[in-house]
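J.: Please find one structure pasted underneath; my questions will follow.
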Amino acid sequence: MEIDVSDATNSRSLNHLFKKLGHDLVEIRVRSLQNLLSKLEHQIITLDDLVQEKLLCVHLLEWFNKESCPMREEVFQLLLKLSKHSSAKLLLIEVGAADFLLQLRDDSPAEQWRSIDEILEQLYYLPDYKQVQEAARRTTSAHHLIHHSGSAQQSDVLEQQEEGIQKASQRKLKLNEEIQPDGPAISHLTGDFFGKTFINTNSMEDAPYYQLKESTKDGFLFVSFPWVPLTATDEHVLSSTDRSLRSLNAEHVVTSCEFLKDVVLLDFPAEVLLQRPAVIQSLVLLLDSTLDQDLVHSAAHCLTAVVIHLLRRLAFWRDPDFYTLKTDFTTSLLLERSMSMSSASPASSPRPFVPGEVDLRHRGDGKDRETSGSSSSSIAYSRYDTSLHDPTASLRSASQASRPDMGSPLSETHDPAATGLLTPNVTLPQFCMGVLSSTLHLLGDCSLEVLVKVCELLHWLMQLVEECISPALWTKQSPLARETAATLLTVIHEAGALLLSLKEARDQQDLSLCRQKHVCVSLLLTRLLGTVLLPDQTSSLFPNNSRIVLSTILTDLPLIDVCKDIPETVGKYLAAMDGQAYETYMQCLSICSAIKKCCQFLMEFQQRSGRESLMLQLASDSLPCLPYHQHPLFVKYCVELSSDVCRESHPVASLVIDSRRLLLQLLSYCKVEVQLSAYQACLEITENSLHVNHAAEPYSRACERTCFLINRDILYCICVSGICNESLKISRCAEKLVRHLLKSKLLMSGSLWKQFTECAVIILPVLQAYTSNSSDFGRCLLEFVDIPLSNEASRISSLEILRGNIRLLFSPDYRVRVDAASRLVTLLSREERSLHKLPDLTSADVACLPNLFVLEQARFLEPCSTSVIQVEGMLKIYEIFIGDGGDVLVQRAACDQLAVILEDMTLHGEFLKQGGLAYVQEQLNGAFQKDSTADVYIQFIPGCVKMLRFLAHHDYSLRHLLAHNPHIYYQMLRASLLYQDDVETCYNIAHLLILLLFDEVANVYVSLEEDTTNFVKRGFSLPHIIAKMYKLPFKAVTHQPNVFQQLPLHTDPDPLLQDPWVGCLRVQWNVCWHNSMQSLVEHLRLNTEEKARAIDFPDHLRLSAAEEVVVKSGAIAPSLRYAVDCINNATSHDAAREGLQQLLLYLILHSGCLRMDSELPETVHWEQAFSRFLDVQPNSPADEELVRHLLVATAAVMTVTPSLSQSTSAWVWKILFSNNSPLQSRLLPPDEDTDDQTAIVASSKELLLLIRTYGSKVNAPASK
């Protein structure tokens, strides 16, 4: 046989690599590990090459014993891969990996526990023998050449290992081969005790009688247990118990429930109740709100015990060798008994121990030595006990017991059909669905005491559902899968309907109880959806109205405060069902986040921390929620913050920009209430800062508080969205603000006034639109552009005074135009060399000036046309126009012709290139001089004005240049006086003046022509307020104020202003205002007067009386603490018991959260409240009854909490086993002279329950 040299070399190389993994130098170890992992990653070697290497396993484990231990996670992952292989798993077990990893786990950080637990889980699970054989055969084939060439010992070792695997898996193999019970098979039944029918599932030959979690056949993780045969006496116990449960005597039924819970479930495996479901059916029938509440309470308590025992049996059948049923003080007794039973004869088997039972009464359960059937019954019970150690033995005994000899006494007495218990049995999913449906019906109408037990039942039942049903159920077509899916849909729909009805029923008398039920159903739905349904299946299975149910759960903020898993779990289903509703939910989350930032900002500002950057960021992030709370205090604080930031001596530029952006967003907000609050805050600051009292102080800097308003954008926003606002209050407030600034020259510093006038000049075209003689504000604006006296300093420059007064000639107020015209005549008379210019003002008709530019009907702009004369023709005409010595009439005709040609804006560039603008200005300068050539130049004025008009309208750079040239304004005024009778010339002059006077606020719009030239047209656009407030000669293109900081508008109607979203936002505001849900609940528990004093926000943000109950009863953590306080402060037994019920209820609800706070039960300090009653000796039957309730509550608290804290463990130890504990007397038989013997004996049962629960929660050393 040929030898593969490469494989042999590879094996030697790997052995060398394995040795280096144990080297003392950390660098060598790390490089070796990286080398090995790299070979695996690039498939140079496979996992089959490593599974037989014992040296590798040893060195990987010793890796953690070195002083330096890097790459821990990589080693864990490699060990996990090896542990999944049968051969490597045996090697790891052989070298003691399990014990080593258990000790390593205690010394490792918490984030590595999961990796260690995964390895341990693989080591504890023995694979199927056939899989082991196949893996061993594959490994043998892969290494055959190497082992054959190297040594024959490897083959021997492999055979020995395979033989060891076969022996180790023998019991598992028998489990699969010997499960052939003679009892009725579940798959062949056609009905269940809930009255539902189904077609037969897979036959007994096609599938095992139970399925493990690794298998999801037909969508189930676990279907049913192996059949458990019973003796005639055992059957009699169950049938008599069922008859007792159907009794008309209520006390008899309650006693039967206690017997079933305390005796039967401890003597029988719980699955017999599914295989003989008459007892379960009787219990479910008791879940009826019309029955006595004690009966319902007992039935729910008993069903809870059944579910818990089913979970234990499920864990046992998952891994019989690893699972231990009892970890309390009775374990040793059970072990001894099971050992003795396995060797002793059935007739000598001792009576089973039942906690709390000390008498030797005839129990009828097949374990009485006096009965004739005790021998076979003892065999049955021995089977239950020894199943902890040998499940195959239990199956063998079950098989023997189920095949009685016809000549034996048993065959004469055992008639299963006669007992009535062999009705069609139910599967585990059917049991879960039936109990779940009945419990939901009960939940709608039950008392608080029953609600506690119902919630506890649902808590354990959902764990059972998670263990037996998978989301793959919906795609399976088996009869059982279809039936379970249909039942699940019904249950989910009923739960949703119940949730909505509980929400609508909050107007009833007991709102708190309805709210507690609402929380219970919400948690149930959340957990049920996350367990049995995938998000992508939601839209096809549920109607659209289910989104209301999901939205209701998602907006339950008191519940989400503790159950953090609800948004993630339920949100996925809402997104799959209704995308629009999910978008609304995400928007609600965004608003809730903004509300939190808003309250943080308010608290931060009130503390005056001085952290302007943080406060600005919080304020900006809070703006999205402003339409929903509209709190005026928030707006006021934002304005004050902006003032504080800008008043600094050396303000940070970025903060100033952010603060002004925030202010602009408030001044231009979409809500009138917000705008009014912003303007009122600005006015208040301005009036307080610019006050005469401050001006009297020589070094006062109060005026600097108004620096935040001295900005072009701010003043522009005030003019375009404030003064002309439809709201009269906002308009008047904005007018007062601007008027106060305009009149505060003496109240400001010189630099601040100069800065203000510079900003005011820029927005003066808009500001002058409000000029009038009928209001104080209008007259103030008129005075602002008045010509100063000779000894008076001008407010603004002379050019702006000239432009401002010309601008007033377009005012719709005639009196304003008259005042402006008189001032303009004065300015013309003061012009340089005015006596040498035309026209002569002393003889000119200046009375026409007020109406000269006001047309009865504004003209439409001429469309941009293309001239028939192109560039060459224009140049020839231009040469005629500028020629010297030519005919004046010809030149005038050329000028007029050029004015017409320049309507085509494509020719403007060439005209300007030839110096046409300069020549036109030269002609205008000469036209107004009083000399011999004046008559010649005057003829060119109409044409030159028209040319300037066309050039400026389409060239914004030329418009900017001409707007700040004072000569052009004087020329246009004089030209209008000369040609006051020429309507066309006056129109062109007015058009040109509009272009120049409103240049600061005009926008340039760009559009594309539709023709083939694709030429870019630049136009002229004015703010809408200009076109509205002035008498313009033409209909200009307008635009709305360009306040880019304006926030987007919400849809109308806004879904967040409807239920349930608006209630969610209101609760969120109150939670954030009080910093936490705990603080809010404490506030709500104050009296009315104290609550009114503590609230400082608008009424629409206050919670209604019903909403207060919703928050108080739905907040789990605060309610837990309140329940403990009620127990501490209880003044009667009833008050203490009610506090206990509340405490248990909220602990159970808390345990229903998928991601719960495991430290919450410890933080409520319930032990101190319980010690008030358990540390003293009871003196009356009522005291004894309360002690019983406390013992049951203590056991329940320890049961539902994930782990027992050290402090709680020490406290339980103290009340149970300390020398002076009052509870110790209940562990001893009562004295005959004691009057309350019955109470003490009764409480002993609860005490034993507490001890058993405590023993199952603590480890062995702690329980000694």
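Chain labels run A, B, ... following the order of the structure tokens; each chain numbers its residues from 1, and ligands are numbered from 1 in the order shown.
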Write out as a list in words each polymer residue whose atoms come within 9 Å of Cys455 in chain A, counting only C-alpha atoms; drop sequence neighbours fewer than 2 positions from it.
T.: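 The filter keeps Leu443, Val450, Leu451, Val452, Lys453, Leu457, Leu458, His459, Trp460, Lys517, Cys520, Leu1145, Ile1148, Leu1149 and Gly1152 of chain A.
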J.: Would you export the selected residues with all heavy atoms as a short mmCIF file (atom, residue, chain, number, x, y, z; two decimals), in the first residue's frame, please?
T.:
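Dumped everything to part13.cif:
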data_model
loop_
_atom_site.label_atom_id
_atom_site.label_comp_id
_atom_site.auth_asym_id
_atom_site.auth_seq_id
_atom_site.Cartn_x
_atom_site.Cartn_y
_atom_site.Cartn_z
N LEU A 443 -59.75 35.99 32.97
CA LEU A 443 -59.02 37.23 33.29
C LEU A 443 -59.90 38.47 33.16
O LEU A 443 -59.64 39.48 33.82
CB LEU A 443 -57.80 37.34 32.38
CG LEU A 443 -56.71 38.32 32.79
CD1 LEU A 443 -56.15 37.95 34.13
CD2 LEU A 443 -55.60 38.33 31.75
N VAL A 450 -57.63 36.30 42.84
CA VAL A 450 -57.59 35.34 41.72
C VAL A 450 -56.64 35.83 40.63
O VAL A 450 -55.95 35.03 39.99
CB VAL A 450 -59.02 35.15 41.16
CG1 VAL A 450 -59.01 34.29 39.91
CG2 VAL A 450 -59.92 34.54 42.22
N LEU A 451 -56.59 37.13 40.42
CA LEU A 451 -55.69 37.68 39.40
C LEU A 451 -54.24 37.32 39.69
O LEU A 451 -53.47 37.03 38.76
CB LEU A 451 -55.86 39.20 39.34
CG LEU A 451 -54.94 39.94 38.36
CD1 LEU A 451 -55.18 39.48 36.93
CD2 LEU A 451 -55.14 41.45 38.48
N VAL A 452 -53.86 37.30 40.95
CA VAL A 452 -52.49 36.93 41.31
C VAL A 452 -52.20 35.51 40.85
O VAL A 452 -51.16 35.23 40.24
CB VAL A 452 -52.27 37.09 42.82
CG1 VAL A 452 -50.89 36.57 43.20
CG2 VAL A 452 -52.42 38.54 43.24
N LYS A 453 -53.12 34.59 41.14
CA LYS A 453 -52.91 33.19 40.75
C LYS A 453 -52.99 33.02 39.24
O LYS A 453 -52.26 32.21 38.67
CB LYS A 453 -53.95 32.31 41.44
CG LYS A 453 -53.67 32.08 42.91
CD LYS A 453 -52.28 31.48 43.10
CE LYS A 453 -51.89 31.38 44.55
NZ LYS A 453 -50.49 30.93 44.73
N LEU A 457 -50.12 31.50 36.95
CA LEU A 457 -50.36 30.40 36.02
C LEU A 457 -49.89 30.76 34.61
O LEU A 457 -49.23 29.95 33.94
CB LEU A 457 -51.86 30.08 36.02
CG LEU A 457 -52.35 29.07 34.97
CD1 LEU A 457 -51.63 27.74 35.13
CD2 LEU A 457 -53.86 28.88 35.08
N LEU A 458 -50.20 31.97 34.15
CA LEU A 458 -49.76 32.38 32.82
C LEU A 458 -48.24 32.46 32.72
O LEU A 458 -47.66 32.18 31.67
CB LEU A 458 -50.39 33.73 32.47
CG LEU A 458 -51.90 33.74 32.23
CD1 LEU A 458 -52.40 35.16 32.02
CD2 LEU A 458 -52.25 32.89 31.02
N HIS A 459 -47.60 32.87 33.81
CA HIS A 459 -46.14 32.97 33.81
C HIS A 459 -45.51 31.61 33.53
O HIS A 459 -44.64 31.49 32.66
CB HIS A 459 -45.68 33.51 35.16
CG HIS A 459 -44.21 33.40 35.39
ND1 HIS A 459 -43.28 34.16 34.72
CD2 HIS A 459 -43.49 32.58 36.22
CE1 HIS A 459 -42.07 33.84 35.11
NE2 HIS A 459 -42.17 32.88 36.02
N TRP A 460 -45.93 30.58 34.27
CA TRP A 460 -45.35 29.25 34.06
C TRP A 460 -45.85 28.62 32.78
O TRP A 460 -45.12 27.87 32.11
CB TRP A 460 -45.67 28.36 35.26
CG TRP A 460 -45.04 28.82 36.53
CD1 TRP A 460 -45.65 29.38 37.60
CD2 TRP A 460 -43.64 28.77 36.85
NE1 TRP A 460 -44.73 29.69 38.58
CE2 TRP A 460 -43.48 29.33 38.14
CE3 TRP A 460 -42.52 28.33 36.18
CZ2 TRP A 460 -42.25 29.44 38.77
CZ3 TRP A 460 -41.28 28.44 36.79
CH2 TRP A 460 -41.15 29.00 38.07
N LYS A 517 -54.90 44.10 35.11
CA LYS A 517 -55.22 43.08 34.10
C LYS A 517 -54.68 43.49 32.74
O LYS A 517 -54.21 42.64 31.96
CB LYS A 517 -56.73 42.88 34.04
CG LYS A 517 -57.35 42.32 35.31
CD LYS A 517 -58.87 42.26 35.18
CE LYS A 517 -59.51 41.77 36.47
NZ LYS A 517 -60.99 41.74 36.38
N CYS A 520 -51.10 42.62 32.57
CA CYS A 520 -50.94 41.17 32.45
C CYS A 520 -51.15 40.72 31.01
O CYS A 520 -50.36 39.95 30.47
CB CYS A 520 -51.91 40.47 33.40
SG CYS A 520 -51.87 38.67 33.29
N LEU A 1145 -48.41 40.13 42.94
CA LEU A 1145 -48.87 40.40 41.58
C LEU A 1145 -47.78 41.11 40.77
O LEU A 1145 -47.45 40.69 39.65
CB LEU A 1145 -50.13 41.25 41.62
CG LEU A 1145 -50.66 41.74 40.27
CD1 LEU A 1145 -51.03 40.56 39.38
CD2 LEU A 1145 -51.85 42.67 40.46
N ILE A 1148 -44.78 38.89 39.96
CA ILE A 1148 -45.06 37.96 38.87
C ILE A 1148 -45.07 38.69 37.53
O ILE A 1148 -44.53 38.21 36.54
CB ILE A 1148 -46.41 37.26 39.12
CG1 ILE A 1148 -46.31 36.37 40.37
CG2 ILE A 1148 -46.80 36.41 37.93
CD1 ILE A 1148 -47.64 35.84 40.83
N LEU A 1149 -45.69 39.87 37.50
CA LEU A 1149 -45.68 40.66 36.26
C LEU A 1149 -44.26 41.03 35.86
O LEU A 1149 -43.90 41.01 34.68
CB LEU A 1149 -46.52 41.92 36.44
CG LEU A 1149 -48.03 41.71 36.62
CD1 LEU A 1149 -48.72 43.04 36.87
CD2 LEU A 1149 -48.64 41.02 35.41
N GLY A 1152 -42.50 38.32 34.16
CA GLY A 1152 -42.96 38.04 32.82
C GLY A 1152 -42.24 38.80 31.74
O GLY A 1152 -42.44 38.54 30.56
#
J.: As number ranges by chain, please: the residues near Ala594 in chain A (cut-off 10 Å, only C-alpha atoms, same-chain neighbours under 3 positions excluded).
T.: A: 588-591, 597-600, 618-626, 1069
J.: Tell me which of A:Gln1206, A:Ser834, A:Ser522, A:Thr255 sits closest to Tyr970 in chain A, counting only C-alpha atoms.
T.: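 Looking only at the distances to Tyr970 in chain A, the closest residue turns out to be A:Ser834.
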J.: Would you mind listing what lies within 10 Å of Leu488 in chain A as a count of residues only, with only C-alpha atoms counted and same-chain residues fewer than 6 positions away left out?
T.: 13
J.: Using only C-alpha atoms, which residue out of A:Val1197, A:Met462, A:Leu37, A:Ala1130 lies closest to Ala1169 in chain A?
T.: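 Nearest candidate to Ala1169 in chain A out of A:Val1197, A:Met462, A:Leu37, A:Ala1130: A:Ala1130.
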J.: Report the residues of range 394-639 of chain A whose backbone DSSP state falls under alpha helix (DSSP H), written as a VMD selection string.
T.: chain A and resid 394 to 401 409 to 413 416 to 419 428 to 443 448 to 468 479 to 504 511 to 532 538 to 541 546 to 554 557 to 560 565 to 577 579 to 607 612 to 622 626 to 629 632 to 639
J.: Suppose you want the space between CA of Phe860 in chain A and CA of Thr1038 in chain A; what is it in Å?
T.: 13.2 Å
J.: Do you know which residues are at most 12 Å from Asn725 in chain A counting only C-alpha atoms, after dropping those on the same chain fewer than 4 positions away, and could you put them as a JSON list (two decimals) with N, CA, C and O atoms, in the first residue's frame?
T.:
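Wrote it out as selection-v6.json, contents follow:
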[["chain", "number", "residue", "atom", "x", "y", "z"],
["A", 667, "LEU", "N", -39.19, 82.32, 16.21],
["A", 667, "LEU", "CA", -39.92, 83.47, 15.69],
["A", 667, "LEU", "C", -40.74, 83.14, 14.46],
["A", 667, "LEU", "O", -41.74, 83.81, 14.17],
["A", 668, "SER", "N", -40.33, 82.13, 13.70],
["A", 668, "SER", "CA", -41.05, 81.76, 12.48],
["A", 668, "SER", "C", -41.77, 80.43, 12.63],
["A", 668, "SER", "O", -41.99, 79.72, 11.65],
["A", 669, "TYR", "N", -42.13, 80.07, 13.87],
["A", 669, "TYR", "CA", -42.71, 78.76, 14.12],
["A", 669, "TYR", "C", -44.11, 78.67, 13.52],
["A", 669, "TYR", "O", -44.79, 79.68, 13.32],
["A", 670, "CYS", "N", -44.53, 77.44, 13.26],
["A", 670, "CYS", "CA", -45.82, 77.22, 12.61],
["A", 670, "CYS", "C", -46.99, 77.40, 13.56],
["A", 670, "CYS", "O", -48.13, 77.57, 13.11],
["A", 671, "LYS", "N", -46.75, 77.34, 14.86],
["A", 671, "LYS", "CA", -47.82, 77.50, 15.83],
["A", 671, "LYS", "C", -47.85, 78.94, 16.34],
["A", 671, "LYS", "O", -46.83, 79.50, 16.75],
["A", 672, "VAL", "N", -49.05, 79.53, 16.34],
["A", 672, "VAL", "CA", -49.20, 80.92, 16.77],
["A", 672, "VAL", "C", -48.81, 81.09, 18.23],
["A", 672, "VAL", "O", -48.19, 82.09, 18.61],
["A", 675, "GLN", "N", -45.03, 81.34, 18.52],
["A", 675, "GLN", "CA", -44.56, 82.63, 18.02],
["A", 675, "GLN", "C", -44.84, 83.75, 19.02],
["A", 675, "GLN", "O", -43.97, 84.59, 19.29],
["A", 676, "LEU", "N", -46.04, 83.77, 19.55],
["A", 676, "LEU", "CA", -46.40, 84.82, 20.50],
["A", 676, "LEU", "C", -45.51, 84.77, 21.74],
["A", 676, "LEU", "O", -45.04, 85.81, 22.22],
["A", 679, "TYR", "N", -42.06, 86.27, 20.75],
["A", 679, "TYR", "CA", -42.06, 87.73, 20.61],
["A", 679, "TYR", "C", -42.23, 88.41, 21.97],
["A", 679, "TYR", "O", -41.62, 89.45, 22.24],
["A", 717, "CYS", "N", -36.76, 88.60, 9.82],
["A", 717, "CYS", "CA", -37.82, 87.65, 10.22],
["A", 717, "CYS", "C", -38.92, 88.37, 10.99],
["A", 717, "CYS", "O", -40.11, 88.10, 10.79],
["A", 718, "ILE", "N", -38.53, 89.30, 11.85],
["A", 718, "ILE", "CA", -39.53, 90.06, 12.61],
["A", 718, "ILE", "C", -40.42, 90.87, 11.67],
["A", 718, "ILE", "O", -41.63, 90.99, 11.87],
["A", 719, "CYS", "N", -39.82, 91.44, 10.62],
["A", 719, "CYS", "CA", -40.59, 92.28, 9.70],
["A", 719, "CYS", "C", -41.52, 91.46, 8.81],
["A", 719, "CYS", "O", -42.68, 91.86, 8.59],
["A", 720, "VAL", "N", -41.04, 90.34, 8.30],
["A", 720, "VAL", "CA", -41.84, 89.61, 7.31],
["A", 720, "VAL", "C", -42.80, 88.61, 7.94],
["A", 720, "VAL", "O", -43.80, 88.23, 7.32],
["A", 721, "SER", "N", -42.51, 88.11, 9.15],
["A", 721, "SER", "CA", -43.41, 87.13, 9.75],
["A", 721, "SER", "C", -43.99, 87.59, 11.07],
["A", 721, "SER", "O", -44.84, 86.89, 11.64],
["A", 729, "LYS", "N", -52.11, 89.96, 18.17],
["A", 729, "LYS", "CA", -51.22, 90.02, 19.33],
["A", 729, "LYS", "C", -49.76, 89.96, 18.89],
["A", 729, "LYS", "O", -48.92, 90.72, 19.37],
["A", 730, "ILE", "N", -49.47, 89.06, 17.96],
["A", 730, "ILE", "CA", -48.09, 88.95, 17.48],
["A", 730, "ILE", "C", -47.69, 90.21, 16.73],
["A", 730, "ILE", "O", -46.57, 90.73, 16.89],
["A", 731, "SER", "N", -48.58, 90.72, 15.89],
["A", 731, "SER", "CA", -48.28, 91.91, 15.12],
["A", 731, "SER", "C", -47.97, 93.11, 16.02],
["A", 731, "SER", "O", -46.97, 93.82, 15.81],
["A", 732, "ARG", "N", -48.80, 93.33, 17.03],
["A", 732, "ARG", "CA", -48.56, 94.45, 17.92],
["A", 732, "ARG", "C", -47.29, 94.26, 18.74],
["A", 732, "ARG", "O", -46.55, 95.23, 18.98],
["A", 733, "CYS", "N", -47.03, 93.04, 19.13],
["A", 733, "CYS", "CA", -45.81, 92.78, 19.92],
["A", 733, "CYS", "C", -44.57, 93.04, 19.08],
["A", 733, "CYS", "O", -43.59, 93.63, 19.57],
["A", 734, "ALA", "N", -44.59, 92.61, 17.81],
["A", 734, "ALA", "CA", -43.45, 92.83, 16.93],
["A", 734, "ALA", "C", -43.27, 94.34, 16.66],
["A", 734, "ALA", "O", -42.13, 94.83, 16.60],
["A", 735, "GLU", "N", -44.36, 95.07, 16.48],
["A", 735, "GLU", "CA", -44.26, 96.52, 16.27],
["A", 735, "GLU", "C", -43.63, 97.21, 17.48],
["A", 735, "GLU", "O", -42.77, 98.08, 17.33],
["A", 1025, "ILE", "N", -44.34, 90.43, 0.70],
["A", 1025, "ILE", "CA", -44.78, 91.57, 1.51],
["A", 1025, "ILE", "C", -44.54, 92.89, 0.78],
["A", 1025, "ILE", "O", -45.31, 93.85, 0.91]]
